[in-house]
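Asker: So that you have it, the file is upload-v8.csv, and it contains CSV, C-alpha atoms:
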```
chain,number,residue,atom,x,y,z
A,700,MET,CA,-25.3,-19.1,-6.8
A,701,SER,CA,-27.4,-16.5,-8.6
A,702,ALA,CA,-26.1,-13.0,-9.2
A,703,PRO,CA,-28.1,-10.0,-8.3
A,704,PRO,CA,-30.0,-8.5,-11.3
A,705,LEU,CA,-28.0,-5.5,-12.3
A,706,ASP,CA,-29.4,-2.9,-14.7
A,707,THR,CA,-27.4,-3.9,-17.8
A,708,ARG,CA,-28.7,-0.8,-19.7
A,709,VAL,CA,-26.3,1.3,-17.5
A,710,PRO,CA,-22.6,0.8,-18.3
A,711,ALA,CA,-19.8,1.1,-15.8
A,712,VAL,CA,-16.6,3.2,-16.1
A,713,LEU,CA,-13.6,2.1,-13.9
A,714,LEU,CA,-11.2,4.9,-13.3
A,715,ARG,CA,-7.6,4.5,-12.1
A,716,ILE,CA,-5.1,7.4,-12.4
A,717,ASP,CA,-2.0,5.8,-10.8
A,718,ARG,CA,0.3,3.8,-13.1
A,719,ASN,CA,0.0,0.3,-11.9
A,720,PRO,CA,-0.6,-2.2,-14.8
A,721,PHE,CA,-0.7,-5.1,-12.3
A,722,HIS,CA,-3.6,-3.8,-10.2
A,723,HIS,CA,-5.6,-6.9,-9.6
A,724,GLY,CA,-8.5,-5.0,-8.1
A,725,THR,CA,-9.2,-3.5,-11.6
A,726,LEU,CA,-9.5,-7.0,-13.0
A,727,GLY,CA,-11.8,-8.0,-10.2
A,728,ALA,CA,-14.1,-5.1,-10.9
A,729,VAL,CA,-14.1,-5.9,-14.7
A,730,ARG,CA,-15.0,-9.5,-14.1
A,731,SER,CA,-17.6,-8.7,-11.4
A,732,LEU,CA,-19.6,-6.3,-13.6
A,733,GLY,CA,-18.9,-8.1,-16.9
A,734,ARG,CA,-20.2,-11.4,-15.6
A,735,ALA,CA,-23.4,-9.7,-14.7
A,736,GLY,CA,-23.7,-8.5,-18.3
A,737,VAL,CA,-22.7,-4.8,-17.6
A,738,GLU,CA,-20.8,-3.1,-20.4
A,739,THR,CA,-17.5,-2.3,-18.6
A,740,HIS,CA,-15.0,0.4,-19.6
A,741,VAL,CA,-11.6,1.0,-18.0
A,742,VAL,CA,-9.9,4.4,-18.0
A,743,ALA,CA,-6.4,3.3,-16.9
A,744,ASP,CA,-2.9,2.4,-18.2
A,745,GLY,CA,-4.3,-0.7,-20.0
A,746,THR,CA,-1.9,-1.1,-22.9
A,747,ALA,CA,0.6,-3.0,-20.9
A,748,SER,CA,-1.8,-4.5,-18.4
A,749,PRO,CA,-2.9,-8.1,-18.2
A,750,VAL,CA,-6.4,-6.6,-17.4
A,751,ALA,CA,-6.7,-5.7,-21.1
A,752,ALA,CA,-6.8,-9.4,-22.0
A,753,SER,CA,-10.1,-10.0,-20.1
A,754,ARG,CA,-13.0,-11.2,-22.1
A,755,TYR,CA,-15.3,-9.1,-19.9
A,756,LEU,CA,-13.7,-5.8,-20.8
A,757,THR,CA,-15.6,-3.7,-23.3
A,758,ALA,CA,-12.9,-1.0,-23.9
A,759,VAL,CA,-9.8,0.6,-22.5
A,760,HIS,CA,-9.5,4.4,-22.6
A,761,GLU,CA,-6.4,6.6,-22.0
A,762,PRO,CA,-6.3,7.9,-18.5
A,763,PRO,CA,-5.4,11.4,-17.3
A,764,ALA,CA,-1.7,11.8,-16.3
A,765,PRO,CA,-0.7,11.2,-12.7
A,766,GLY,CA,-1.0,14.5,-10.8
A,767,ALA,CA,-3.3,15.9,-13.5
A,768,PRO,CA,-5.5,18.9,-12.3
A,769,ASP,CA,-9.3,18.4,-12.0
A,770,GLU,CA,-9.8,20.2,-15.3
A,771,GLU,CA,-7.8,17.6,-17.2
A,772,ILE,CA,-9.6,14.7,-15.4
A,773,ALA,CA,-13.0,16.2,-16.2
A,774,ARG,CA,-12.0,16.6,-19.8
A,775,VAL,CA,-10.8,13.0,-20.1
A,776,LEU,CA,-14.0,11.7,-18.5
A,777,ALA,CA,-16.2,13.9,-20.8
A,778,GLU,CA,-14.5,12.4,-23.8
A,779,VAL,CA,-15.2,8.9,-22.5
A,780,ALA,CA,-18.8,9.8,-21.7
A,781,ALA,CA,-19.2,11.1,-25.3
A,782,ARG,CA,-18.0,7.8,-26.7
A,783,ILE,CA,-20.4,5.8,-24.5
A,784,ALA,CA,-23.3,8.2,-25.2
A,785,ARG,CA,-25.4,7.3,-22.2
A,786,PRO,CA,-25.1,7.7,-18.4
A,787,ALA,CA,-22.7,5.3,-16.6
A,788,VAL,CA,-21.8,4.4,-13.1
A,789,LEU,CA,-18.3,5.7,-12.3
A,790,VAL,CA,-16.1,3.5,-10.1
A,791,PRO,CA,-12.8,5.1,-8.9
A,792,LEU,CA,-10.2,2.5,-8.0
A,793,ASP,CA,-7.4,4.5,-6.5
A,794,ASP,CA,-7.2,7.5,-4.1
A,795,ALA,CA,-6.4,10.1,-6.7
A,796,SER,CA,-9.5,9.0,-8.7
A,797,ALA,CA,-11.8,8.8,-5.7
A,798,LEU,CA,-10.9,12.3,-4.5
A,799,ALA,CA,-11.0,13.9,-7.9
A,800,THR,CA,-14.4,12.4,-8.8
A,801,ALA,CA,-15.8,13.5,-5.4
A,802,ARG,CA,-14.7,17.1,-6.0
A,803,LEU,CA,-16.1,16.9,-9.6
A,804,ARG,CA,-19.4,15.1,-8.8
A,805,THR,CA,-21.7,18.0,-9.7
A,806,ARG,CA,-19.8,18.7,-12.9
A,807,LEU,CA,-19.7,15.1,-14.0
A,808,ALA,CA,-23.4,14.6,-13.6
A,809,PRO,CA,-25.6,13.7,-15.5
A,810,ALA,CA,-23.0,11.8,-17.6
A,811,PHE,CA,-21.9,9.8,-14.6
A,812,ARG,CA,-23.5,8.4,-11.5
A,813,LEU,CA,-21.6,8.8,-8.2
A,814,PRO,CA,-22.5,8.5,-4.5
A,815,ALA,CA,-23.1,11.8,-2.7
A,816,LEU,CA,-20.5,12.5,0.0
A,817,PRO,CA,-21.0,15.4,2.4
A,818,GLY,CA,-18.5,18.2,1.7
A,819,PRO,CA,-14.8,17.3,1.3
A,820,LEU,CA,-15.3,14.0,3.3
A,821,ALA,CA,-13.4,11.8,0.8
A,822,GLU,CA,-10.3,14.0,1.2
A,823,ARG,CA,-10.6,14.1,5.0
A,824,VAL,CA,-10.6,10.4,5.4
A,825,ALA,CA,-7.9,9.7,2.8
A,826,ASP,CA,-5.5,12.3,4.3
A,827,LYS,CA,-3.5,10.5,7.0
A,828,ALA,CA,-3.2,13.5,9.2
A,829,GLU,CA,-6.9,14.4,8.9
A,830,LEU,CA,-7.9,10.8,9.6
A,831,ALA,CA,-5.9,10.9,12.9
A,832,ALA,CA,-7.7,14.0,13.9
A,833,LEU,CA,-11.1,12.5,13.0
A,834,CYS,CA,-10.4,9.4,15.0
A,835,THR,CA,-9.4,11.5,18.1
A,836,GLY,CA,-12.6,13.5,17.8
A,837,LEU,CA,-14.8,10.4,17.4
A,838,ASN,CA,-12.9,8.3,20.0
A,839,ILE,CA,-11.9,5.7,17.4
A,840,PRO,CA,-8.7,3.9,18.4
A,841,HIS,CA,-5.8,5.1,16.2
A,842,PRO,CA,-2.0,5.0,16.7
A,843,THR,CA,-0.6,8.1,18.4
A,844,THR,CA,0.3,10.5,15.6
A,845,LEU,CA,2.6,13.6,15.5
A,846,VAL,CA,3.0,16.1,12.7
A,847,PRO,CA,6.4,17.7,13.1
A,848,GLY,CA,7.0,21.3,11.9
A,849,SER,CA,10.7,21.0,11.3
A,850,ALA,CA,13.5,18.5,10.8
A,851,ALA,CA,14.5,18.9,14.5
A,852,GLU,CA,10.9,18.3,15.6
A,853,ALA,CA,10.8,15.2,13.5
A,854,GLY,CA,13.9,13.8,15.3
A,855,ARG,CA,12.4,14.7,18.7
A,856,ALA,CA,9.0,13.2,17.8
A,857,ALA,CA,10.7,9.9,16.8
A,858,TRP,CA,12.3,9.7,20.3
A,859,ARG,CA,9.1,10.7,22.0
A,860,LEU,CA,7.1,8.0,20.2
A,861,GLY,CA,9.7,5.4,20.8
A,862,LEU,CA,11.8,3.9,17.9
A,863,PRO,CA,11.0,2.4,15.6
A,864,VAL,CA,8.2,4.6,14.4
A,865,VAL,CA,6.0,4.7,11.2
A,866,ALA,CA,6.5,7.6,8.9
A,867,LYS,CA,3.7,8.4,6.5
A,868,TRP,CA,3.1,11.1,3.9
A,869,SER,CA,-0.2,12.8,4.7
A,870,ARG,CA,-1.4,12.6,1.0
A,871,PRO,CA,0.4,9.7,-0.5
A,872,TRP,CA,-1.4,10.0,-3.9
A,873,LEU,CA,0.7,13.2,-4.5
A,874,LEU,CA,4.1,11.3,-4.3
A,875,PRO,CA,5.9,11.8,-7.6
A,876,ALA,CA,6.7,8.7,-9.7
A,877,GLY,CA,10.4,7.7,-9.6
A,878,SER,CA,11.2,9.7,-6.5
A,879,GLY,CA,11.9,6.6,-4.4
A,880,LEU,CA,9.6,7.9,-1.7
A,881,ARG,CA,7.2,5.4,-0.2
A,882,SER,CA,3.8,6.2,1.3
A,883,THR,CA,4.8,4.4,4.5
A,884,THR,CA,8.3,3.8,5.9
A,885,VAL,CA,9.4,2.2,9.2
A,886,VAL,CA,11.9,4.7,10.7
A,887,ARG,CA,14.6,3.3,13.0
A,888,SER,CA,16.6,6.4,14.0
A,889,ALA,CA,16.0,10.1,14.7
A,890,GLN,CA,18.4,11.0,11.9
A,891,GLN,CA,16.3,9.0,9.4
A,892,ALA,CA,13.2,10.9,10.6
A,893,ARG,CA,15.0,14.2,10.1
A,894,GLU,CA,16.2,13.3,6.6
A,895,LEU,CA,12.8,12.1,5.6
A,896,TYR,CA,11.2,15.4,6.8
A,897,GLY,CA,13.6,17.2,4.5
A,898,ARG,CA,12.0,15.7,1.5
A,899,GLY,CA,8.5,17.2,2.3
A,900,ALA,CA,8.5,19.6,-0.6
A,901,GLU,CA,9.3,16.8,-3.0
A,902,ALA,CA,6.6,14.6,-1.5
A,903,GLY,CA,3.9,17.3,-1.9
A,904,SER,CA,2.3,16.8,1.6
A,905,PRO,CA,3.4,16.9,5.3
A,906,LEU,CA,5.2,14.1,7.0
A,907,LEU,CA,3.6,12.5,10.0
A,908,LEU,CA,5.1,10.1,12.5
A,909,GLN,CA,3.1,7.4,14.1
A,910,GLU,CA,3.4,5.0,16.9
A,911,PHE,CA,4.6,1.6,15.7
A,912,LEU,CA,2.2,-1.2,16.4
A,913,PRO,CA,4.1,-4.5,15.8
A,914,PRO,CA,2.6,-6.8,13.2
A,915,GLY,CA,1.9,-10.5,14.0
A,916,PRO,CA,-0.3,-13.4,13.3
A,917,GLY,CA,-4.0,-12.5,13.6
A,918,LEU,CA,-3.3,-8.8,14.1
A,919,ASP,CA,-4.0,-7.3,10.7
A,920,TRP,CA,-7.7,-6.9,9.7
A,921,PHE,CA,-9.7,-5.0,7.1
A,922,CYS,CA,-13.4,-4.2,6.6
A,923,HIS,CA,-15.1,-3.5,3.3
A,924,GLY,CA,-18.6,-2.4,2.5
A,925,HIS,CA,-20.8,-0.1,0.5
A,926,THR,CA,-23.1,2.4,2.3
A,927,THR,CA,-26.3,3.1,0.3
A,928,ARG,CA,-28.0,6.4,0.2
A,929,ASP,CA,-30.2,5.5,3.1
A,930,GLY,CA,-27.2,4.6,5.3
A,931,THR,CA,-27.3,0.8,5.0
A,932,ARG,CA,-24.1,-1.1,4.5
A,933,HIS,CA,-24.1,-3.9,1.9
A,934,GLY,CA,-21.6,-6.0,0.0
A,935,GLY,CA,-18.7,-6.5,2.3
A,936,GLY,CA,-17.5,-7.9,5.6
A,937,THR,CA,-14.6,-8.2,7.9
A,938,GLY,CA,-11.4,-10.1,7.0
A,939,ARG,CA,-7.9,-10.8,8.2
A,940,LYS,CA,-4.6,-10.8,6.4
A,941,LEU,CA,-3.0,-14.2,6.4
A,942,LEU,CA,-0.1,-13.0,4.3
A,943,SER,CA,0.9,-9.5,3.2
A,944,TRP,CA,3.3,-8.2,0.6
A,945,PRO,CA,5.8,-6.9,1.6
A,946,ARG,CA,5.6,-9.1,4.7
A,947,GLY,CA,4.3,-7.4,7.8
A,948,ALA,CA,3.2,-4.2,6.0
A,949,GLY,CA,1.6,-4.1,2.6
A,950,LEU,CA,-1.2,-5.3,0.4
A,951,THR,CA,-3.2,-8.4,1.2
A,952,ALA,CA,-1.6,-11.3,-0.6
A,953,VAL,CA,-3.8,-13.9,1.1
A,954,GLY,CA,-6.9,-12.9,3.0
A,955,GLU,CA,-9.7,-14.7,4.7
A,956,TRP,CA,-13.4,-13.7,5.4
A,957,ALA,CA,-13.6,-13.8,9.2
A,958,PRO,CA,-16.6,-12.4,11.0
A,959,ASN,CA,-15.6,-9.9,13.7
A,960,PRO,CA,-18.6,-8.3,15.5
A,961,ALA,CA,-16.4,-5.8,17.4
A,962,LEU,CA,-14.8,-4.6,14.2
A,963,ASP,CA,-18.1,-4.4,12.4
A,964,GLU,CA,-19.6,-2.4,15.2
A,965,LEU,CA,-16.6,0.0,15.2
A,966,THR,CA,-16.9,0.5,11.4
A,967,GLY,CA,-20.7,1.1,11.7
A,968,ARG,CA,-20.1,3.7,14.4
A,969,LEU,CA,-17.5,5.5,12.2
A,970,VAL,CA,-19.6,5.5,9.1
A,971,GLU,CA,-22.7,6.8,10.9
A,972,ALA,CA,-20.8,9.6,12.6
A,973,LEU,CA,-19.2,10.7,9.3
A,974,GLY,CA,-22.3,10.3,7.2
A,975,TYR,CA,-20.2,8.4,4.7
A,976,ARG,CA,-21.8,7.1,1.5
A,977,GLY,CA,-20.3,4.8,-1.1
A,978,VAL,CA,-17.6,2.1,-1.1
A,979,LEU,CA,-15.1,2.0,1.7
A,980,ASP,CA,-12.0,-0.1,2.6
A,981,LEU,CA,-10.7,0.2,6.1
A,982,ASP,CA,-7.4,-1.2,7.4
A,983,PHE,CA,-7.0,-2.1,11.1
A,984,ARG,CA,-4.2,-3.5,13.3
A,985,ARG,CA,-5.1,-5.0,16.7
A,986,HIS,CA,-2.9,-3.9,19.5
A,987,ASP,CA,-1.0,-7.0,20.8
A,988,ARG,CA,-1.3,-5.9,24.4
A,989,THR,CA,-4.6,-4.1,24.7
A,990,GLY,CA,-6.6,-6.0,22.1
A,991,ALA,CA,-8.0,-2.7,20.7
A,992,TYR,CA,-8.4,-2.4,16.9
A,993,HIS,CA,-6.6,0.7,15.7
A,994,LEU,CA,-7.7,2.3,12.4
A,995,LEU,CA,-4.7,2.7,10.1
A,996,ASP,CA,-6.3,3.7,6.8
A,997,PHE,CA,-9.6,4.7,5.4
A,998,ASN,CA,-9.8,4.3,1.6
A,999,PRO,CA,-12.9,5.9,0.0
A,1000,ARG,CA,-13.0,3.3,-2.8
A,1001,PRO,CA,-12.9,-0.5,-3.3
A,1002,GLY,CA,-9.9,-2.2,-1.9
A,1003,ALA,CA,-7.9,-4.4,-4.3
A,1004,GLN,CA,-9.0,-7.6,-2.5
A,1005,PHE,CA,-12.7,-6.6,-2.5
A,1006,ARG,CA,-13.7,-9.9,-4.3
A,1007,LEU,CA,-12.9,-11.8,-1.1
A,1008,PHE,CA,-16.4,-10.6,0.1
A,1009,ALA,CA,-18.4,-11.9,-2.9
A,1010,ASP,CA,-21.2,-13.5,-1.0
A,1011,GLY,CA,-23.6,-16.4,-1.6
A,1012,ALA,CA,-25.9,-14.1,-3.6
A,1013,GLY,CA,-23.0,-12.9,-5.9
A,1014,LEU,CA,-22.9,-9.5,-4.2
A,1015,ASP,CA,-19.7,-7.6,-3.7
A,1016,VAL,CA,-19.1,-3.8,-3.1
A,1017,VAL,CA,-18.8,-3.0,-6.8
A,1018,ARG,CA,-22.1,-4.7,-7.6
A,1019,ALA,CA,-23.7,-3.1,-4.6
A,1020,LEU,CA,-22.6,0.3,-5.8
A,1021,HIS,CA,-24.0,-0.3,-9.3
A,1022,LEU,CA,-27.3,-1.6,-7.8
A,1023,ASP,CA,-27.6,1.4,-5.5
A,1024,LEU,CA,-26.9,4.0,-8.1
A,1025,THR,CA,-29.3,2.5,-10.6
A,1026,ASP,CA,-32.2,2.3,-8.0
A,1027,ARG,CA,-32.1,-1.5,-8.0
A,1028,PRO,CA,-32.9,-3.5,-4.8
A,1029,LEU,CA,-30.0,-5.1,-3.0
A,1030,PRO,CA,-30.4,-8.7,-2.0
A,1031,PRO,CA,-30.1,-9.7,1.7
A,1032,PRO,CA,-26.5,-10.7,2.7
A,1033,ARG,CA,-25.4,-14.3,2.4
A,1034,PRO,CA,-22.0,-14.4,4.1
A,1035,ARG,CA,-19.4,-17.0,3.3
A,1036,PRO,CA,-17.1,-17.1,6.3
A,1037,GLY,CA,-13.8,-18.9,5.7
A,1038,ARG,CA,-13.7,-17.9,2.0
A,1039,ARG,CA,-10.2,-16.8,0.9
A,1040,PHE,CA,-8.7,-14.5,-1.7
A,1041,LEU,CA,-5.2,-15.0,-3.0
A,1042,VAL,CA,-2.9,-12.9,-5.3
A,1043,GLU,CA,-0.8,-15.4,-7.2
A,1044,ASN,CA,2.1,-13.1,-8.1
A,1045,TYR,CA,2.6,-12.2,-4.4
A,1046,ALA,CA,1.9,-15.6,-2.9
A,1047,PRO,CA,2.9,-18.2,-5.7
A,1048,LEU,CA,3.6,-21.1,-3.4
A,1049,THR,CA,0.3,-20.7,-1.5
A,1050,ALA,CA,-1.5,-20.6,-4.9
A,1051,LEU,CA,0.0,-23.9,-5.9
A,1052,ARG,CA,-1.1,-25.7,-2.7
A,1053,PRO,CA,-4.6,-27.3,-2.8
A,1054,SER,CA,-7.2,-25.6,-0.7
A,1055,ARG,CA,-10.0,-27.2,1.3
A,1056,THR,CA,-11.9,-23.9,1.6
A,1057,SER,CA,-13.6,-21.8,-1.0
A,1058,ARG,CA,-11.2,-19.3,-2.6
A,1059,GLU,CA,-10.8,-16.9,-5.4
A,1060,LEU,CA,-7.6,-16.2,-7.2
A,1061,ALA,CA,-6.9,-12.6,-8.3
A,1062,TRP,CA,-5.7,-13.4,-11.8
A,1063,TYR,CA,-6.7,-16.9,-12.8
A,1064,ALA,CA,-10.4,-17.7,-13.6
A,1065,ALA,CA,-11.6,-20.7,-15.5
A,1066,ASP,CA,-13.9,-18.5,-17.6
A,1067,ASP,CA,-11.3,-15.8,-18.2
A,1068,ARG,CA,-7.9,-17.3,-18.5
A,1069,ALA,CA,-6.1,-14.8,-20.7
A,1070,PRO,CA,-5.2,-12.3,-17.9
A,1071,ALA,CA,-3.4,-14.9,-15.9
A,1072,ARG,CA,-1.4,-16.0,-19.0
A,1073,ALA,CA,-0.5,-12.4,-19.7
A,1074,LEU,CA,0.5,-11.8,-16.1
A,1075,TRP,CA,3.0,-14.7,-16.1
A,1076,LEU,CA,4.5,-13.5,-19.4
A,1077,GLN,CA,5.0,-10.0,-18.0
A,1078,TRP,CA,5.7,-10.4,-14.3
A,1079,PRO,CA,9.3,-11.8,-14.6
A,1080,ARG,CA,10.2,-8.7,-16.6
A,1081,ARG,CA,8.6,-6.5,-14.0
A,1082,LEU,CA,10.8,-8.1,-11.3
A,1083,THR,CA,14.0,-7.9,-13.2
A,1084,ARG,CA,13.5,-4.6,-15.1
A,1085,ARG,CA,11.2,-2.5,-12.9
A,1086,LEU,CA,12.4,0.8,-14.4
A,1087,ARG,CA,11.5,-0.3,-18.0
A,1088,PRO,CA,8.0,-0.3,-19.4
A,1089,ALA,CA,6.2,-3.6,-19.4
A,1090,ALA,CA,5.8,-5.4,-22.7
A,1091,PRO,CA,2.4,-5.1,-24.4
A,1092,VAL,CA,-0.2,-7.8,-23.8
A,1093,PRO,CA,0.2,-10.5,-26.5
A,1094,ALA,CA,-2.6,-11.5,-28.7
A,1095,ASP,CA,-4.7,-14.3,-27.2
A,1096,PRO,CA,-7.7,-16.1,-28.5
A,1097,ASP,CA,-9.5,-15.8,-25.2
A,1098,GLY,CA,-9.0,-12.0,-24.9
A,1099,PRO,CA,-8.9,-9.3,-27.6
A,1100,ARG,CA,-6.3,-6.6,-28.0
A,1101,PRO,CA,-6.6,-3.5,-25.8
A,1102,HIS,CA,-8.3,-0.3,-27.0
A,1103,ILE,CA,-10.9,-2.2,-29.0
A,1104,ILE,CA,-14.5,-1.6,-28.2
A,1105,ARG,CA,-16.6,-4.7,-28.3
A,1106,GLN,CA,-19.8,-6.1,-27.1
A,1107,PRO,CA,-19.7,-7.5,-23.5
A,1108,SER,CA,-19.8,-11.3,-23.0
A,1109,PRO,CA,-23.1,-12.8,-21.7
A,1110,PRO,CA,-23.4,-13.4,-18.0
A,1111,THR,CA,-21.5,-16.5,-16.7
A,1112,ASP,CA,-22.1,-18.7,-13.8
A,1113,GLU,CA,-19.4,-17.5,-11.3
A,1114,ARG,CA,-18.9,-21.1,-10.0
A,1115,ALA,CA,-16.7,-21.6,-13.1
A,1116,SER,CA,-14.2,-19.0,-11.8
A,1117,ARG,CA,-13.6,-20.9,-8.5
A,1118,PRO,CA,-10.7,-23.4,-8.7
```
Here is the file; what I need is its structure written in the form of structure tokens.

Answerer:
Amino acid sequence: MSAPPLDTRVPAVLLRIDRNPFHHGTLGAVRSLGRAGVETHVVADGTASPVAASRYLTAVHEPPAPGAPDEEIARVLAEVAARIARPAVLVPLDDASALATARLRTRLAPAFRLPALPGPLAERVADKAELAALCTGLNIPHPTTLVPGSAAEAGRAAWRLGLPVVAKWSRPWLLPAGSGLRSTTVVRSAQQARELYGRGAEAGSPLLLQEFLPPGPGLDWFCHGHTTRDGTRHGGGTGRKLLSWPRGAGLTAVGEWAPNPALDELTGRLVEALGYRGVLDLDFRRHDRTGAYHLLDFNPRPGAQFRLFADGAGLDVVRALHLDLTDRPLPPPRPRPGRRFLVENYAPLTALRPSRTSRELAWYAADDRAPARALWLQWPRRLTRRLRPAAPVPADPDGPRPHIIRQPSPPTDERASRP
């Protein structure tokens, strides 16, 4: 399998503002670009992250604080740009980063290359209430959604939708750390809905209540892709969740590449109607009675499981973004249906079982073993002492200490990373 020829003269900067040292999508992006010979920098909480042990990481830089204003984010990125001293492709990896960089795109140029989105589109699709309105206007299936204006209305809305209902904060990236508030909660009583509404000021965005679509085998799907400047989608596909964490509602612990023409057509119609450009990650749930695919989330960035869709030409959405923004041709797609992606710390028993299909592990790679070792040293402490900071990544011969700038490793045949 030959990788697409990326322009290795142009470095990449991966930005993540949220404090999640165990974000496996960041490691996937580091490996994807680093294996292609691209100098790869991470602006994130790398000191206590297993990602910092990767041999494909060039440098870790201190990120802006969660909730930082645009001025602070621009200042941090300007300092990173000054250290790199040449234009770089900027890859946001969480909602806060994606929205800030979309707002700051003109100011960040020419130090950074970013896709051009029309107006405030990134914020509109990421905002749960705005997304519901967009889906209604475009006739895209979406769970019935109500935005209560008071605690009493929240209680009545819960009864109207039929308990249980799903409660979501419209802008979950604004939730303060340590508040105990979750972006999504299954509400089982009107009183619970009223109490949750009362925490709106603390949450920083309105509460919305949504029809509950029951989870079940084969019902949870996602679609990834990158839309180039000419409107063509590359580097992704449709997949289904085989296992989520937490079960029934959460991130993809085990996913499978599963072609789904109906879902692909629905995504294409949405992207064309919005004029969306750049990387996208859409979450769907199929209604168990009607069979319709309901759009639950539109993430204007790579999803954590994006490496599931690394195709036979070595293309994924992060590489597609780099190729597009450096004016390089994108290879024709070479789908790999049946390929699986597995996150070991959320599905350890599945990871231990042998697989007859092609699969990629989120943390372990034969050509980059240090992050997996660091993960298993730190993960038990994470589970038992979640409120305490994680221990620093130990020194390892396969991966240098964080915050040290070094030359990127030469390109590696990706077959070595597949167990």

Asker: My list of candidates is A:Arg1081, A:Arg988, A:Arg1000, A:Arg859. Which is closest to Pro791 (chain A) when distances are computed with all atoms listed in the file?

Answerer: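 Ranked by minimum distance to Pro791 (chain A), first place goes to A:Arg1000.
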
Asker: For Arg1035 (chain A), which residue among A:Phe1005, A:Glu955, A:Asp1067, A:Arg1055 is the nearest when counting only C-alpha atoms?

Answerer: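 Selected residue with least distance to Arg1035 (chain A): A:Glu955.
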
Asker: As an exercise, work out the distance from CA of Ala1064 (chain A) to CA of Val1016 (chain A) in Å and give it to one decimal place.

Answerer: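 That distance, rounded to one decimal, is 19.5 Å.
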
Asker: With all atoms listed in the file as the basis for distance, which of A:His933, A:Ile783, A:Gly727, A:Leu908 is at the shortest distance from Thr844 (chain A)?

Answerer: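 Closest to Thr844 (chain A), using all atoms listed in the file: A:Leu908.
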
Asker: Would you please work out which residue, of A:Glu761, A:Glu894, A:Glu910, A:Asp826, is nearest to Val865 (chain A) when using all atoms listed in the file?

Answerer: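 So, comparing all the options, the nearest one is A:Glu910.
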
Asker: For Pro763 (chain A), which residue out of A:Asn998, A:Val737, A:Leu714, A:Ala857 is the nearest one, using all atoms listed in the file?

Answerer: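 Smallest separation from Pro763 (chain A) among the options: A:Leu714.
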
Asker: Of the residues A:Pro905, A:Pro913, A:Gly1037, A:Pro765, which is the one nearest to Arg1058 (chain A), using all atoms listed in the file?

Answerer: A:Gly1037
